[in-house]
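work.cif (mmCIF, C-alpha atoms) appears below.
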data_my_file
loop_
_atom_site.group_PDB
_atom_site.id
_atom_site.type_symbol
_atom_site.label_atom_id
_atom_site.label_comp_id
_atom_site.auth_asym_id
_atom_site.auth_seq_id
_atom_site.Cartn_x
_atom_site.Cartn_y
_atom_site.Cartn_z
ATOM 1 C CA MET L 1 3.394 53.922 127.176
ATOM 2 C CA ILE L 2 2.577 53.724 123.494
ATOM 3 C CA LEU L 3 4.568 54.233 120.313
ATOM 4 C CA ALA L 4 3.445 57.016 117.991
ATOM 5 C CA LYS L 5 4.710 59.035 115.074
ATOM 6 C CA VAL L 6 4.706 62.838 115.078
ATOM 7 C CA LEU L 7 2.608 64.130 112.171
ATOM 8 C CA GLY L 8 2.966 67.815 112.963
ATOM 9 C CA THR L 9 2.110 70.598 115.356
ATOM 10 C CA VAL L 10 -0.907 72.594 116.488
ATOM 11 C CA THR L 11 -0.694 76.298 117.258
ATOM 12 C CA SER L 12 -3.125 77.913 119.641
ATOM 13 C CA THR L 13 -3.145 81.411 121.122
ATOM 14 C CA GLN L 14 -6.209 81.290 123.332
ATOM 15 C CA LYS L 15 -5.638 78.273 125.558
ATOM 16 C CA HIS L 16 -5.617 76.928 129.082
ATOM 17 C CA GLY L 17 -2.730 78.149 131.268
ATOM 18 C CA ILE L 18 -1.140 74.710 131.441
ATOM 19 C CA LEU L 19 -0.568 74.813 127.668
ATOM 20 C CA VAL L 20 1.200 78.183 127.633
ATOM 21 C CA GLY L 21 4.792 77.844 126.437
ATOM 22 C CA LYS L 22 4.372 74.162 125.577
ATOM 23 C CA LYS L 23 4.570 72.636 122.112
ATOM 24 C CA ILE L 24 1.467 70.681 121.108
ATOM 25 C CA LEU L 25 2.116 67.784 118.745
ATOM 26 C CA VAL L 26 -0.277 65.878 116.494
ATOM 27 C CA LEU L 27 0.503 62.167 116.718
ATOM 28 C CA LYS L 28 -0.742 58.906 115.307
ATOM 29 C CA PRO L 29 -0.161 55.539 117.029
ATOM 30 C CA VAL L 30 2.151 53.152 115.178
ATOM 31 C CA ASN L 31 2.831 49.447 115.629
ATOM 32 C CA PRO L 32 6.416 48.208 116.105
ATOM 33 C CA SER L 33 6.895 47.743 112.358
ATOM 34 C CA GLY L 34 6.095 51.395 111.786
ATOM 35 C CA SER L 35 2.647 51.373 110.196
ATOM 36 C CA PHE L 36 -0.143 53.538 111.578
ATOM 37 C CA SER L 37 -2.605 51.850 113.918
ATOM 38 C CA GLY L 38 -5.286 54.155 115.254
ATOM 39 C CA LYS L 39 -6.731 57.638 115.357
ATOM 40 C CA ALA L 40 -4.671 60.811 115.549
ATOM 41 C CA PHE L 41 -4.453 62.630 118.884
ATOM 42 C CA CYS L 42 -2.591 65.589 120.414
ATOM 43 C CA ALA L 43 -0.017 65.646 123.205
ATOM 44 C CA LEU L 44 2.265 68.020 125.058
ATOM 45 C CA ASP L 45 5.923 67.787 124.095
ATOM 46 C CA CYS L 46 8.492 67.385 126.899
ATOM 47 C CA VAL L 47 11.462 66.162 124.823
ATOM 48 C CA GLN L 48 11.730 68.527 121.828
ATOM 49 C CA ALA L 49 10.347 65.964 119.373
ATOM 50 C CA GLY L 50 9.710 67.013 115.785
ATOM 51 C CA THR L 51 7.693 66.009 112.741
ATOM 52 C CA GLY L 52 8.586 62.489 111.543
ATOM 53 C CA ASP L 53 9.996 61.298 114.878
ATOM 54 C CA THR L 54 8.771 58.058 116.430
ATOM 55 C CA VAL L 55 8.104 58.801 120.079
ATOM 56 C CA LEU L 56 7.049 57.305 123.400
ATOM 57 C CA VAL L 57 3.759 58.696 124.679
ATOM 58 C CA ILE L 58 2.166 58.464 128.115
ATOM 59 C CA ASP L 59 -1.647 58.619 128.109
ATOM 60 C CA GLU L 60 -2.426 58.645 131.821
ATOM 61 C CA GLY L 61 -3.244 61.625 134.008
ATOM 62 C CA ASN L 62 -1.198 60.987 137.159
ATOM 63 C CA SER L 63 1.962 60.255 135.166
ATOM 64 C CA ALA L 64 1.447 63.383 133.069
ATOM 65 C CA ARG L 65 0.890 65.540 136.150
ATOM 66 C CA SER L 66 4.028 64.231 137.818
ATOM 67 C CA ILE L 67 6.091 64.971 134.696
ATOM 68 C CA LEU L 68 4.709 68.503 134.509
ATOM 69 C CA GLY L 69 5.229 68.952 138.263
ATOM 70 C CA ASP L 70 1.718 70.282 138.848
ATOM 71 C CA PRO L 71 -0.726 68.079 140.799
ATOM 72 C CA GLU L 72 -3.729 69.954 139.379
ATOM 73 C CA ALA L 73 -2.647 70.187 135.726
ATOM 74 C CA PRO L 74 -5.429 69.042 133.382
ATOM 75 C CA ALA L 75 -2.984 67.135 131.184
ATOM 76 C CA ARG L 76 -3.153 63.478 130.288
ATOM 77 C CA THR L 77 -1.151 62.882 127.132
ATOM 78 C CA VAL L 78 2.570 63.723 127.148
ATOM 79 C CA VAL L 79 5.450 62.826 124.808
ATOM 80 C CA VAL L 80 8.239 61.524 127.051
ATOM 81 C CA GLY L 81 10.840 60.060 124.715
ATOM 82 C CA ILE L 82 12.172 59.973 121.165
ATOM 83 C CA VAL L 83 12.705 56.408 119.911
ATOM 84 C CA ASP L 84 16.164 55.744 118.437
ATOM 85 C CA SER L 85 15.607 52.122 117.462
ATOM 86 C CA LEU L 86 13.337 49.164 118.044
ATOM 87 C CA ASP L 87 14.544 45.571 118.150
ATOM 88 C CA PHE L 88 11.892 42.860 118.146
ATOM 89 C CA MET M 1 -5.859 65.931 123.987
ATOM 90 C CA LYS M 2 -7.932 65.639 120.868
ATOM 91 C CA LEU M 3 -8.992 67.857 118.002
ATOM 92 C CA GLY M 4 -12.569 68.932 117.367
ATOM 93 C CA ARG M 5 -14.823 71.573 115.912
ATOM 94 C CA ILE M 6 -17.508 73.563 117.724
ATOM 95 C CA ILE M 7 -20.826 73.132 115.955
ATOM 96 C CA GLY M 8 -23.134 74.830 118.446
ATOM 97 C CA THR M 9 -23.900 75.876 121.986
ATOM 98 C CA VAL M 10 -26.000 74.205 124.641
ATOM 99 C CA VAL M 11 -28.124 76.227 127.058
ATOM 100 C CA CYS M 12 -28.929 74.495 130.295
ATOM 101 C CA SER M 13 -30.297 76.825 132.967
ATOM 102 C CA HIS M 14 -30.884 74.178 135.627
ATOM 103 C CA LYS M 15 -27.725 72.161 136.109
ATOM 104 C CA GLU M 16 -25.458 70.648 138.722
ATOM 105 C CA LYS M 17 -24.247 73.367 141.108
ATOM 106 C CA SER M 18 -20.553 72.947 140.319
ATOM 107 C CA LEU M 19 -21.250 73.517 136.617
ATOM 108 C CA GLU M 20 -23.169 76.781 137.145
ATOM 109 C CA GLY M 21 -21.671 79.571 135.052
ATOM 110 C CA VAL M 22 -19.788 77.163 132.824
ATOM 111 C CA PRO M 23 -20.678 77.547 129.122
ATOM 112 C CA LEU M 24 -21.500 74.309 127.318
ATOM 113 C CA LEU M 25 -20.587 73.696 123.682
ATOM 114 C CA LEU M 26 -21.632 71.110 121.120
ATOM 115 C CA LEU M 27 -18.406 69.586 119.845
ATOM 116 C CA GLN M 28 -17.759 67.377 116.824
ATOM 117 C CA PRO M 29 -14.516 65.373 117.189
ATOM 118 C CA MET M 30 -12.346 65.530 114.082
ATOM 119 C CA ASP M 31 -9.083 64.110 112.777
ATOM 120 C CA GLU M 32 -5.921 66.026 111.929
ATOM 121 C CA LEU M 33 -7.191 66.741 108.396
ATOM 122 C CA GLY M 34 -10.497 68.179 109.621
ATOM 123 C CA SER M 35 -12.799 65.237 108.832
ATOM 124 C CA ASP M 36 -15.446 64.319 111.384
ATOM 125 C CA THR M 37 -14.764 61.292 113.567
ATOM 126 C CA GLY M 38 -17.474 59.853 115.797
ATOM 127 C CA GLU M 39 -20.571 61.437 117.270
ATOM 128 C CA PRO M 40 -20.911 65.016 118.573
ATOM 129 C CA LEU M 41 -20.736 65.540 122.328
ATOM 130 C CA VAL M 42 -21.247 68.306 124.874
ATOM 131 C CA ALA M 43 -18.135 69.859 126.412
ATOM 132 C CA CYS M 44 -17.476 72.559 129.015
ATOM 133 C CA ASP M 45 -15.823 75.719 127.694
ATOM 134 C CA THR M 46 -12.787 77.294 129.390
ATOM 135 C CA VAL M 47 -11.453 79.470 126.540
ATOM 136 C CA SER M 48 -14.540 81.300 125.170
ATOM 137 C CA ALA M 49 -14.726 79.204 122.012
ATOM 138 C CA GLY M 50 -17.701 79.562 119.678
ATOM 139 C CA PRO M 51 -19.381 77.832 116.751
ATOM 140 C CA GLY M 52 -16.975 77.345 113.833
ATOM 141 C CA ASP M 53 -13.820 77.278 115.974
ATOM 142 C CA ARG M 54 -11.442 74.333 115.735
ATOM 143 C CA VAL M 55 -10.429 73.384 119.269
ATOM 144 C CA LEU M 56 -8.234 71.233 121.478
ATOM 145 C CA TRP M 57 -10.284 69.291 124.011
ATOM 146 C CA GLU M 58 -9.737 66.798 126.758
ATOM 147 C CA ALA M 59 -11.966 63.991 127.973
ATOM 148 C CA GLY M 60 -12.189 62.163 131.273
ATOM 149 C CA ARG M 61 -10.952 63.228 134.695
ATOM 150 C CA GLU M 62 -8.615 65.826 133.213
ATOM 151 C CA ALA M 63 -11.615 67.693 131.783
ATOM 152 C CA ALA M 64 -12.835 68.371 135.319
ATOM 153 C CA LEU M 65 -9.414 69.759 136.259
ATOM 154 C CA THR M 66 -9.662 72.483 133.592
ATOM 155 C CA LEU M 67 -12.411 74.265 135.543
ATOM 156 C CA LEU M 68 -11.596 76.610 138.434
ATOM 157 C CA ASN M 69 -13.568 74.493 140.869
ATOM 158 C CA TRP M 70 -12.130 71.093 139.943
ATOM 159 C CA TYR M 71 -14.575 69.086 142.061
ATOM 160 C CA ASN M 72 -17.172 68.860 139.301
ATOM 161 C CA PRO M 73 -18.726 66.207 137.086
ATOM 162 C CA ALA M 74 -17.358 67.411 133.711
ATOM 163 C CA ASP M 75 -16.221 64.632 131.366
ATOM 164 C CA ALA M 76 -15.197 66.750 128.358
ATOM 165 C CA ALA M 77 -13.748 70.254 128.210
ATOM 166 C CA VAL M 78 -12.441 72.586 125.528
ATOM 167 C CA MET M 79 -8.973 73.819 126.548
ATOM 168 C CA GLY M 80 -7.632 75.654 123.494
ATOM 169 C CA ILE M 81 -8.721 77.348 120.277
ATOM 170 C CA VAL M 82 -6.670 76.086 117.332
ATOM 171 C CA ASP M 83 -5.046 78.746 115.155
ATOM 172 C CA SER M 84 -3.457 76.286 112.728
ATOM 173 C CA ILE M 85 -2.680 72.595 112.311
ATOM 174 C CA ASP M 86 0.546 71.874 110.469
ATOM 175 C CA VAL M 87 0.753 68.166 109.610
ATOM 176 C CA GLU M 88 2.331 65.791 107.145
ATOM 177 C CA LYS M 89 -0.358 63.689 105.520
ATOM 178 C CA GLY M 90 -0.848 60.423 107.462
ATOM 179 C CA GLU M 91 -1.064 57.008 105.844
#
Can the structure in the file be given as structure tokens, please?
Amino acid sequence: MILAKVLGTVTSTQKHGILVGKKILVLKPVNPSGSFSGKAFCALDCVQAGTGDTVLVIDEGNSARSILGDPEAPARTVVVGIVDSLDF
Amino acid sequence: MKLGRIIGTVVCSHKEKSLEGVPLLLLQPMDELGSDTGEPLVACDTVSAGPGDRVLWEAGREAALTLLNWYNPADAAVMGIVDSIDVEKGE
């Protein structure tokens, strides 16, 4: 899992069936101290995260498919947790 | 998933059997603000996107799963046409 910050959302009308009814977030990886560290990417939201939240993201197909409960879902990147605090 | 912009189409009349009938698009990856990132690539189309559209796309094994016949050699696929991107400005 990686840490990322939610920058915003993407809206799309014409999309693959697996995306219907799901919120698509724009995220940017962050390091533990909170500064950005990488390129922005998009992910499906499973935890009602919102703009400004620091979140846990899975970027692996089998994990994503098991979360979505569909063994043939073409999903790889899923937000699976909202970070309350980090101690390090 | 990643963001990108369609900059053209690719016509390929003789291709691998499992990709027959699948439109191919020339895709320029971009960041959340719309600036180009990296080199253009060719992606399979599943949502009837066209040149000028901003899109959501997926790379790797998951790209193959977007097509009806998932046993295919696709490594990039367009899976949504972006209506709008609503972001706070990154650092």
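Using all atoms listed in the file, the nearest neighbour of chain M within the list L:Ser33, L:Gln48, L:Asn62, L:Thr54 is L:Asn62.
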(Q) Running the PyMOL selection byres ((chain L) within 6 of (chain M)) on this model by hand, what would come out? Give it as a PyMOL selection string. (A) chain L and resi 7-12+14-16+41-43+74
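This file, filtered with the PyMOL selection byres ((chain L and resi 63-72) around 10), gives the residues L:Ile18, L:Leu44, L:Cys46, L:Val57, L:Ile58, L:Asp59, L:Glu60, L:Gly61, L:Asn62, L:Ala73, L:Pro74, L:Ala75, L:Arg76, L:Thr77, L:Val78, L:Val79, L:Val80, M:Glu62, M:Leu65, M:Thr66, M:Trp70.
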Q. Hey, can you check how far atom CA of Ile2 of chain L sits from atom CA of Asp45 of chain L?
A. 14.5 Å
Please evaluate the PyMOL selection byres ((chain M and resi 6) around 10) against the displayed coordinates and give the resulting residues as an mmCIF file with C-alpha atoms, in the coordinates of the input.
data_model
loop_
_atom_site.group_PDB
_atom_site.id
_atom_site.type_symbol
_atom_site.label_atom_id
_atom_site.label_comp_id
_atom_site.auth_asym_id
_atom_site.auth_seq_id
_atom_site.Cartn_x
_atom_site.Cartn_y
_atom_site.Cartn_z
ATOM 1 C CA GLY M 4 -12.569 68.932 117.367
ATOM 2 C CA ARG M 5 -14.823 71.573 115.912
ATOM 3 C CA ILE M 7 -20.826 73.132 115.955
ATOM 4 C CA GLY M 8 -23.134 74.830 118.446
ATOM 5 C CA THR M 9 -23.900 75.876 121.986
ATOM 6 C CA LEU M 25 -20.587 73.696 123.682
ATOM 7 C CA LEU M 26 -21.632 71.110 121.120
ATOM 8 C CA LEU M 27 -18.406 69.586 119.845
ATOM 9 C CA GLN M 28 -17.759 67.377 116.824
ATOM 10 C CA PRO M 29 -14.516 65.373 117.189
ATOM 11 C CA PRO M 40 -20.911 65.016 118.573
ATOM 12 C CA LEU M 41 -20.736 65.540 122.328
ATOM 13 C CA VAL M 42 -21.247 68.306 124.874
ATOM 14 C CA ALA M 43 -18.135 69.859 126.412
ATOM 15 C CA ALA M 49 -14.726 79.204 122.012
ATOM 16 C CA GLY M 50 -17.701 79.562 119.678
ATOM 17 C CA PRO M 51 -19.381 77.832 116.751
ATOM 18 C CA GLY M 52 -16.975 77.345 113.833
ATOM 19 C CA ASP M 53 -13.820 77.278 115.974
ATOM 20 C CA ARG M 54 -11.442 74.333 115.735
ATOM 21 C CA VAL M 55 -10.429 73.384 119.269
ATOM 22 C CA VAL M 78 -12.441 72.586 125.528
ATOM 23 C CA ILE M 81 -8.721 77.348 120.277
#
Hey, can I get the axis-aligned box for segment 64-68 of chain L? All listed atoms, 6 Å padding on each side, centre and edge lengths in Å to one decimal, as lines of an AutoDock Vina configuration file.
center_x = 3.5
center_y = 65.9
center_z = 135.4
size_x = 17.2
size_y = 17.1
size_z = 16.7
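Taking atom CA of Val55 of chain L and atom CA of Val20 of chain L as the two end points, the separation is 21.9 Å.
The spacing separating atom CA of Lys23 of chain L from atom CA of Asp45 of chain M amounts to 21.4 Å.
Distances to Ser35 of chain L were evaluated for L:Leu86, L:Lys5, L:Thr51, L:Gly17 using all atoms listed in the file, and the minimum falls at L:Lys5.
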